[in-house]
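Novice: Below is the file protein-v4.txt, which contains compact mmCIF, C-alpha atoms.
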```
# COMPACT_ATOMS: atom_id res chain seq x y z
CA MET A 147 112.96 122.51 -58.08
CA LEU A 148 110.44 123.49 -55.41
CA GLU A 149 111.90 125.76 -52.78
CA HIS A 150 111.61 123.25 -49.97
CA ASP A 151 113.15 120.49 -52.09
CA ARG A 152 116.21 122.70 -52.23
CA PHE A 153 116.22 123.06 -48.46
CA ARG A 154 115.95 119.26 -48.10
CA GLU A 155 119.08 118.98 -50.24
CA LEU A 156 120.84 121.61 -48.15
CA ALA A 157 119.82 119.76 -44.96
CA SER A 158 121.45 116.54 -46.17
CA LEU A 159 124.60 118.37 -47.27
CA ALA A 160 124.73 120.31 -43.98
CA ALA A 161 124.80 117.02 -42.11
CA ILE A 162 128.05 116.06 -43.84
CA GLY A 163 129.59 119.53 -43.73
CA GLU A 164 129.34 120.19 -47.45
CA LEU A 165 127.53 123.52 -47.55
CA SER A 166 129.12 126.55 -49.12
CA LEU A 167 129.25 129.65 -46.93
CA GLU A 168 126.41 131.18 -48.95
CA ASP A 169 124.24 128.06 -48.65
CA HIS A 170 125.11 127.77 -44.97
CA GLU A 171 123.85 131.24 -44.13
CA GLU A 172 120.67 130.76 -46.13
CA PHE A 173 119.99 127.36 -44.65
CA GLN A 174 120.62 128.40 -41.04
CA ARG A 175 117.79 130.92 -41.28
CA HIS A 176 115.44 128.27 -42.66
CA LYS A 177 116.48 125.47 -40.33
CA ASP A 178 115.50 127.36 -37.22
CA THR A 179 111.89 127.37 -38.37
CA CYS A 180 111.67 123.95 -40.02
CA PRO A 181 111.30 120.77 -37.93
CA GLU A 182 111.40 118.60 -41.08
CA CYS A 183 114.83 119.88 -42.07
CA ARG A 184 116.13 119.40 -38.52
CA GLU A 185 114.87 115.82 -38.67
CA ILE A 186 116.61 115.29 -42.03
CA ILE A 187 119.86 116.52 -40.49
CA ALA A 188 119.51 114.15 -37.54
CA GLU A 189 118.66 111.15 -39.72
CA THR A 190 121.34 111.88 -42.30
CA THR A 191 123.87 112.30 -39.50
CA SER A 192 123.03 108.83 -38.17
CA VAL A 193 123.39 107.27 -41.65
CA ALA A 194 126.65 109.13 -42.31
CA THR A 195 127.98 108.01 -38.92
CA ALA A 196 127.23 104.39 -39.80
CA ALA A 197 128.85 104.84 -43.23
CA PHE A 198 132.04 106.32 -41.78
CA LEU A 199 132.20 103.55 -39.17
CA ALA A 200 131.69 100.93 -41.88
CA ALA A 201 134.56 102.53 -43.78
CA SER A 202 136.97 102.26 -40.86
CA PRO A 203 139.86 99.82 -41.29
CA ASN A 204 138.74 96.24 -40.63
CA LYS A 205 142.19 94.89 -39.96
CA GLU A 206 143.61 96.87 -37.09
CA ASP A 207 146.98 96.22 -35.55
CA ALA A 208 146.14 94.79 -32.11
CA ALA A 209 149.45 95.79 -30.51
CA LEU A 210 149.16 99.30 -31.89
CA ASN A 211 145.63 99.52 -30.54
CA VAL A 212 146.69 98.44 -27.06
CA GLU A 213 149.43 101.05 -27.05
CA ARG A 214 147.08 103.73 -28.37
CA HIS A 215 144.48 102.85 -25.73
CA ARG A 216 147.06 103.01 -22.95
CA ARG A 217 148.43 106.34 -24.13
CA LEU A 218 145.04 108.00 -24.56
CA ARG A 219 143.74 106.63 -21.25
CA GLU A 220 146.73 107.88 -19.32
CA GLY A 221 146.46 111.28 -20.95
CA ILE A 222 142.81 111.56 -20.00
CA ALA A 223 143.32 110.22 -16.46
CA GLN A 224 146.02 112.83 -15.84
CA ARG A 225 143.86 115.67 -17.09
CA LEU A 226 140.54 114.89 -15.43
CA PRO A 227 139.68 117.82 -13.18
CA ALA A 228 139.31 117.49 -9.43
CA SER A 229 135.74 118.71 -9.68
CA ILE A 230 133.01 119.02 -12.26
CA GLY A 231 130.23 121.55 -11.98
CA GLY A 232 131.44 122.52 -8.52
CA LEU A 233 131.14 118.92 -7.36
CA GLN A 234 134.26 117.42 -5.80
CA VAL A 235 135.03 114.08 -7.40
CA GLU A 236 136.46 110.93 -5.95
CA PRO A 237 140.15 110.58 -6.71
CA ALA A 238 141.04 107.41 -8.57
CA PRO A 239 142.96 104.91 -6.47
CA ALA A 240 146.69 104.61 -7.01
CA GLY A 241 147.49 102.81 -10.24
CA ALA A 242 143.96 103.08 -11.60
CA ALA A 243 145.05 105.14 -14.61
CA ALA A 244 146.97 102.27 -16.11
CA GLN A 245 144.63 99.46 -16.93
CA MET B 135 128.35 107.06 1.56
CA GLU B 136 127.15 105.29 -1.55
CA GLN B 137 129.10 102.42 -2.94
CA VAL B 138 131.77 103.34 -5.46
CA PHE B 139 132.91 100.70 -7.91
CA TRP B 140 136.53 100.69 -9.00
CA ALA B 141 137.93 99.20 -12.17
CA GLY B 142 137.96 95.57 -11.11
CA SER B 143 134.36 95.56 -9.99
CA TRP B 144 133.08 97.58 -12.91
CA SER B 145 134.76 95.53 -15.59
CA SER B 146 132.62 92.54 -14.66
CA VAL B 147 129.30 94.36 -14.89
CA TYR B 148 129.63 97.17 -17.41
CA SER B 149 128.68 95.06 -20.42
CA SER B 150 125.06 94.86 -19.30
CA SER B 151 122.75 97.78 -19.94
CA ARG B 152 122.12 98.03 -16.21
CA GLY B 153 125.85 98.14 -15.61
CA LEU B 154 126.28 100.86 -18.21
CA ARG B 155 123.55 102.94 -16.61
CA SER B 156 125.19 102.52 -13.23
CA LEU B 157 128.54 103.54 -14.69
CA CYS B 158 127.04 106.68 -16.19
CA ARG B 159 125.40 107.56 -12.88
CA GLU B 160 128.69 107.11 -11.02
CA ALA B 161 130.50 109.19 -13.64
CA VAL B 162 127.87 111.91 -13.31
CA LYS B 163 128.46 111.87 -9.56
CA GLY B 164 132.15 112.46 -10.24
CA SER B 165 133.81 109.05 -10.20
CA HIS B 166 136.93 109.24 -12.35
CA GLU B 167 137.18 105.49 -12.42
CA ALA B 168 133.65 104.99 -13.70
CA PHE B 169 134.37 107.56 -16.40
CA LEU B 170 137.58 105.78 -17.38
CA VAL B 171 135.71 102.49 -17.70
CA LEU B 172 133.28 104.29 -20.04
CA PHE B 173 136.34 105.45 -21.95
CA ASP B 174 137.64 101.85 -22.11
CA ARG B 175 134.29 100.72 -23.47
CA TYR B 176 133.83 103.35 -26.17
CA TRP B 177 137.16 104.92 -27.14
CA GLN B 178 137.62 102.66 -30.14
CA ASP B 179 134.23 103.52 -31.63
CA VAL B 180 135.09 107.20 -31.33
CA PHE B 181 138.57 106.71 -32.76
CA ARG B 182 137.28 104.72 -35.74
CA LEU B 183 134.69 107.35 -36.56
CA ALA B 184 137.17 110.22 -36.16
CA TYR B 185 139.78 108.45 -38.27
CA SER B 186 137.32 107.68 -41.06
CA VAL B 187 136.35 111.33 -41.25
CA LEU B 188 139.82 112.84 -40.80
CA ARG B 189 142.01 110.13 -42.41
CA ASN B 190 144.79 111.06 -40.04
CA GLU B 191 145.68 109.01 -36.94
CA ALA B 192 147.23 111.83 -34.93
CA GLU B 193 144.28 114.12 -35.56
CA ALA B 194 141.86 111.31 -34.66
CA GLU B 195 143.71 110.63 -31.40
CA ASP B 196 143.63 114.32 -30.46
CA LEU B 197 139.92 114.36 -31.16
CA VAL B 198 139.30 111.29 -28.97
CA GLN B 199 141.17 112.76 -26.04
CA GLY B 200 139.63 116.20 -26.32
CA LEU B 201 136.17 114.81 -26.76
CA PHE B 202 136.25 112.59 -23.68
CA LEU B 203 137.64 115.39 -21.55
CA GLU B 204 134.90 117.75 -22.69
CA VAL B 205 132.21 115.13 -22.20
CA HIS B 206 133.51 114.59 -18.67
CA THR B 207 133.03 118.25 -17.82
CA THR B 208 129.46 118.18 -19.07
CA MET B 209 128.35 114.84 -17.67
CA LEU B 210 126.30 116.57 -15.01
CA ARG B 211 123.89 117.49 -17.80
CA TYR B 212 123.73 113.96 -19.20
CA ASP B 213 120.19 112.62 -19.13
CA GLU B 214 120.11 108.85 -19.55
CA GLN B 215 116.37 108.94 -20.21
CA ARG B 216 116.93 110.75 -23.51
CA GLY B 217 119.60 108.67 -25.14
CA SER B 218 122.42 106.24 -24.59
CA PHE B 219 125.93 107.33 -23.70
CA ARG B 220 127.21 105.75 -26.93
CA THR B 221 124.74 107.81 -28.94
CA LEU B 222 125.94 110.94 -27.17
CA LEU B 223 129.56 110.12 -27.92
CA LEU B 224 129.04 109.18 -31.56
CA ARG B 225 126.88 112.21 -32.32
CA TYR B 226 129.36 114.49 -30.65
CA ALA B 227 132.37 112.79 -32.24
CA TYR B 228 130.77 112.99 -35.66
CA THR B 229 130.02 116.69 -35.38
CA ARG B 230 133.46 117.44 -33.98
CA ALA B 231 135.20 115.41 -36.68
CA ILE B 232 133.26 116.99 -39.54
CA ASP B 233 133.89 120.43 -38.12
CA HIS B 234 137.58 119.71 -37.62
CA ARG B 235 137.93 118.36 -41.15
CA ARG B 236 136.45 121.56 -42.50
CA HIS B 237 138.88 123.54 -40.38
CA LEU B 238 141.87 121.49 -41.56
CA GLU B 239 140.95 121.74 -45.19
CA SER B 240 140.16 125.45 -44.93
CA ARG B 241 137.35 124.85 -47.27
CA ARG B 242 134.95 127.25 -45.62
CA TYR B 243 132.31 124.56 -45.52
CA TYR B 244 130.02 124.51 -42.56
CA THR B 245 128.42 121.79 -40.52
CA SER B 246 124.86 122.03 -39.36
CA VAL B 247 126.07 122.65 -35.83
CA GLU B 248 129.14 124.66 -34.99
CA ILE B 249 130.25 124.23 -31.43
CA GLU B 250 133.04 125.52 -29.29
CA GLU B 251 132.13 123.23 -26.44
CA VAL B 252 129.64 120.45 -25.92
CA GLU B 253 126.21 121.80 -26.72
CA PRO B 254 123.56 120.77 -24.17
CA GLU B 255 121.28 119.48 -26.91
CA LEU B 256 123.92 116.96 -27.90
CA LEU B 257 123.50 115.38 -24.48
CA VAL B 258 119.84 114.62 -25.18
CA GLY B 259 117.53 114.25 -28.14
CA HIS B 260 117.59 112.24 -31.34
CA GLU B 261 118.24 108.57 -30.72
CA SER B 262 118.35 106.60 -33.97
CA PRO B 263 118.47 102.81 -33.79
CA VAL B 264 121.54 103.13 -36.04
CA TYR B 265 123.62 104.27 -33.05
CA GLY B 266 122.88 101.06 -31.18
CA LEU B 267 124.24 98.76 -33.88
CA THR B 268 127.50 96.88 -33.69
CA LEU B 269 130.14 97.64 -36.30
CA GLU B 270 129.16 94.54 -38.24
CA GLU B 271 125.45 95.32 -38.09
CA GLY B 272 126.05 98.89 -39.21
CA THR B 273 128.24 97.71 -42.07
CA ARG B 274 125.54 95.30 -43.23
CA LEU B 275 123.02 98.10 -43.12
CA ILE B 276 125.19 100.44 -45.16
CA GLN B 277 125.80 97.77 -47.79
CA GLN B 278 122.07 97.25 -48.13
CA GLY B 279 121.62 100.99 -48.53
CA LEU B 280 124.32 101.18 -51.20
CA GLU B 281 122.55 98.49 -53.21
CA GLN B 282 119.57 100.82 -53.56
CA LEU B 283 121.56 103.51 -55.37
CA ASP B 284 122.12 104.03 -59.07
CA ASP B 285 125.65 103.81 -60.45
CA LYS B 286 126.61 107.46 -60.10
CA GLN B 287 125.07 107.82 -56.66
CA GLN B 288 126.89 104.70 -55.52
CA ALA B 289 130.18 105.89 -56.98
CA ALA B 290 129.84 109.26 -55.26
CA VAL B 291 128.83 107.81 -51.87
CA MET B 292 131.53 105.12 -51.94
CA ALA B 293 134.21 107.62 -52.93
CA TYR B 294 133.15 110.09 -50.26
CA PHE B 295 132.77 107.77 -47.28
CA PHE B 296 135.04 104.85 -48.09
CA ARG B 297 137.89 106.45 -50.03
CA GLY B 298 137.83 109.83 -48.35
CA LEU B 299 137.56 111.83 -51.57
CA SER B 300 136.32 115.40 -51.52
CA VAL B 301 133.42 116.45 -53.74
CA ASN B 302 135.92 118.13 -56.07
CA GLU B 303 137.87 114.90 -56.38
CA ILE B 304 134.69 112.93 -56.99
CA ALA B 305 133.69 115.39 -59.71
CA HIS B 306 137.09 114.91 -61.36
CA GLU B 307 136.79 111.12 -61.19
CA LEU B 308 133.28 111.08 -62.60
CA GLY B 309 134.12 113.69 -65.24
CA GLU B 310 131.27 115.86 -64.02
CA SER B 311 130.87 119.36 -62.63
CA PHE B 312 131.21 120.02 -58.89
CA GLY B 313 127.47 120.71 -58.73
CA ASN B 314 126.56 117.45 -60.41
CA ALA B 315 128.92 115.44 -58.21
CA ARG B 316 127.50 117.05 -55.09
CA HIS B 317 123.98 116.30 -56.35
CA HIS B 318 124.85 112.61 -56.91
CA LEU B 319 126.22 112.50 -53.37
CA TYR B 320 123.09 114.16 -52.01
CA ARG B 321 120.72 111.89 -53.92
CA GLY B 322 122.60 108.82 -52.76
CA LEU B 323 122.65 109.94 -49.16
CA GLU B 324 118.98 110.91 -49.30
CA ARG B 325 118.06 107.50 -50.72
CA MET B 326 120.04 105.76 -47.99
CA ARG B 327 118.42 107.92 -45.34
CA ARG B 328 114.95 106.97 -46.52
CA VAL B 329 115.85 103.28 -46.61
CA LEU B 330 117.94 103.07 -43.44
CA ALA B 331 116.61 105.67 -41.05
CA PRO B 332 112.86 105.00 -40.76
CA LYS B 333 111.15 107.35 -38.40
CA ASP B 334 110.68 106.08 -34.88
CA GLU B 335 107.01 106.69 -34.26
CA ALA B 336 107.36 105.82 -30.61
CA ASP B 337 107.70 108.35 -27.84
CA GLU B 338 111.00 110.18 -28.28
CA SER B 339 111.99 109.45 -24.74
CA SER B 340 111.68 105.70 -25.18
CA GLU B 341 114.54 103.43 -26.10
CA PRO B 342 114.66 102.71 -29.85
CA ASP B 343 113.61 99.19 -30.75
CA ARG B 344 116.97 97.95 -31.96
CA ASN B 345 115.76 94.39 -32.55
CA ALA B 346 112.79 95.47 -34.65
CA PHE B 347 115.13 97.68 -36.65
CA LEU B 348 117.52 94.80 -37.28
CA ARG B 349 114.69 92.50 -38.35
CA LEU B 350 113.93 95.01 -41.12
CA HIS B 351 117.47 94.75 -42.40
CA ARG B 352 118.52 91.22 -41.54
CA ARG B 353 120.90 89.91 -44.19
CA PRO B 354 124.38 88.47 -44.00
CA THR B 355 127.20 90.48 -45.50
CA GLU B 356 130.87 91.26 -45.29
CA ARG B 357 132.64 94.52 -44.61
CA VAL B 358 131.95 96.90 -47.46
CA ALA B 359 135.30 98.37 -48.27
CA PRO B 360 138.49 97.13 -46.73
CA GLU B 361 140.52 99.73 -48.58
CA VAL B 362 141.19 103.00 -46.87
CA SER B 363 142.31 105.87 -49.02
CA VAL B 364 144.93 108.28 -47.85
CA VAL B 365 143.76 111.02 -50.16
CA ARG B 366 142.28 113.13 -47.39
CA ALA B 367 145.25 112.47 -45.15
CA ARG B 368 147.45 113.90 -47.84
CA SER B 369 145.15 116.83 -48.43
CA ILE B 370 145.17 117.84 -44.76
```
Spit out the file's structure as structure tokens when you get a sec.
Specialist:
Amino acid sequence: MLEHDRFRELASLAAIGELSLEDHEEFQRHKDTCPECREIIAETTSVATAAFLAASPNKEDAALNVERHRRLREGIAQRLPASIGGLQVEPAPAGAAAQ
Amino acid sequence: MEQVFWAGSWSSVYSSSRGLRSLCREAVKGSHEAFLVLFDRYWQDVFRLAYSVLRNEAEAEDLVQGLFLEVHTTMLRYDEQRGSFRTLLLRYAYTRAIDHRRHLESRRYYTSVEIEEVEPELLVGHESPVYGLTLEEGTRLIQQGLEQLDDKQQAAVMAYFFRGLSVNEIAHELGESFGNARHHLYRGLERMRRVLAPKDEADESSEPDRNAFLRLHRRPTERVAPEVSVVRARSI
């Protein structure tokens, strides 16, 4: 196998988190100097994202989803900071956290 | 003072691309409500992706909440000219989920990007048309990609993404070495990448041509794999 063919393989495996520690260290040094391998990572990541989304359950419990949405939304609304990057933010109006 | 849209107003306009851009701008300016409408719009995509990677509902929920809170703190760096908000979320969720899975499994495997907080480059950069697809469109695309693979590649890719098996488990199922199983997975993924992720020759800052991309892959199909394995959930 040509040396760069091996790096192409490592790039694909890196995108799905399947590099050994040894491979990871070797590949990190190469990746920083190789635009092609960075492109392979980006493209493989997009394909893997689509594959994982396609694999998600296609029959979801609607009531469970509504409850999950409510719970997560309230948790986030309660924990949003009063400012971001030093910028004061507008407080949400009363009752806005519960949709 | 500029106009601020609260939930009722936003809900009627956020489905248009112009509405989404306005929402992002308001969120960047610090509107909690605009940010929560973005959450309403995209939380399920993030949860589905996180769950498919982690195979654990509680872990996926934690990831969704943590991710949105971190994205909120970094929204000032969000550049709408370089990619959609959904792309940002999915790329970030993917990286976080893969990294968290590695952590949970203590497998000492590494992702291409290890992050402690949102990396600035995740807020800009690569915008594949794949990120703009609906769930159904993406599923159709993946099925077409799977059809291009040989039997062992298909078995490895299906087991990995749709049944949540680890490479070790795939090797055991196929009766092959770990190295061979990982190579089948790589070859399958590489083939799918070449088929499904054609390079966008246009200017990187331009919006990807989602319609042209879909025309390349237009075929009816059904969801690929309704079964969801609990193997990973058990293993973590």
Novice: Would you kindly return, as a compact mmCIF listing (two decimals) with C-alpha atoms, in the coordinates of the input, each protein, DNA or RNA residue with an atom no farther than 10 Å from any atom of range 176-184 of chain A, considering all atoms listed in the file and excluding same-chain residues fewer than 4 positions away?
Specialist:
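Result written to result-v2.txt:
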```
# COMPACT_ATOMS: atom_id res chain seq x y z
CA HIS A 150 111.61 123.25 -49.97
CA PHE A 153 116.22 123.06 -48.46
CA ARG A 154 115.95 119.26 -48.10
CA GLU A 155 119.08 118.98 -50.24
CA LEU A 156 120.84 121.61 -48.15
CA ALA A 157 119.82 119.76 -44.96
CA SER A 158 121.45 116.54 -46.17
CA ALA A 161 124.80 117.02 -42.11
CA HIS A 170 125.11 127.77 -44.97
CA GLU A 171 123.85 131.24 -44.13
CA GLU A 172 120.67 130.76 -46.13
CA ALA A 188 119.51 114.15 -37.54
CA GLU A 189 118.66 111.15 -39.72
CA THR A 190 121.34 111.88 -42.30
CA SER B 246 124.86 122.03 -39.36
```
Novice: Give the answer as one residue: which of A:Gln224, A:Ala200, A:Ile186, A:Glu149 has the shortest atom-to-atom distance to chain B, using all atoms listed in the file?
Specialist: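 Looking at the shortest contact to chain B, the residue is A:Ala200.
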Novice: Fewer than 6 positions away in the same chain doesn't count, so skip those; otherwise give me all residues within 9 Å of range 207-215 of chain A, counting only C-alpha atoms, as a short mmCIF file (atom, residue, chain, number, x, y, z; two decimals) with C-alpha atoms, keeping the file's coordinate frame.
Specialist:
```cif
data_model
loop_
_atom_site.label_atom_id
_atom_site.label_comp_id
_atom_site.auth_asym_id
_atom_site.auth_seq_id
_atom_site.Cartn_x
_atom_site.Cartn_y
_atom_site.Cartn_z
CA ASP B 174 137.64 101.85 -22.11
CA TRP B 177 137.16 104.92 -27.14
CA GLN B 178 137.62 102.66 -30.14
CA GLU B 195 143.71 110.63 -31.40
#
```
Novice: Using only C-alpha atoms, can you tell me which of B:Ile232, B:Ile304, B:Cys158, B:Ile276 comes closest to His318 in chain B?
Specialist: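 Counting only C-alpha atoms, the residue closest to His318 in chain B is B:Ile304.
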Novice: Given the point (120.1, 110.2, -39.7) in the file's coordinates, find the residues that have an atom at most 10 Å from it, counting only C-alpha atoms, and give them as a count of residues only.
Specialist: 29
Novice: Using all atoms listed in the file, which residue out of B:Arg297, B:Arg321, B:Arg236, B:Arg316 lies closest to Leu167 in chain A?
Specialist: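 Of B:Arg297, B:Arg321, B:Arg236, B:Arg316, the one nearest Leu167 in chain A is B:Arg236, counting all atoms listed in the file.
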Novice: Quick one: distance from CA of Tyr228 in chain B to CA of Lys205 in chain A in Å, one decimal?
Specialist: 21.8 Å
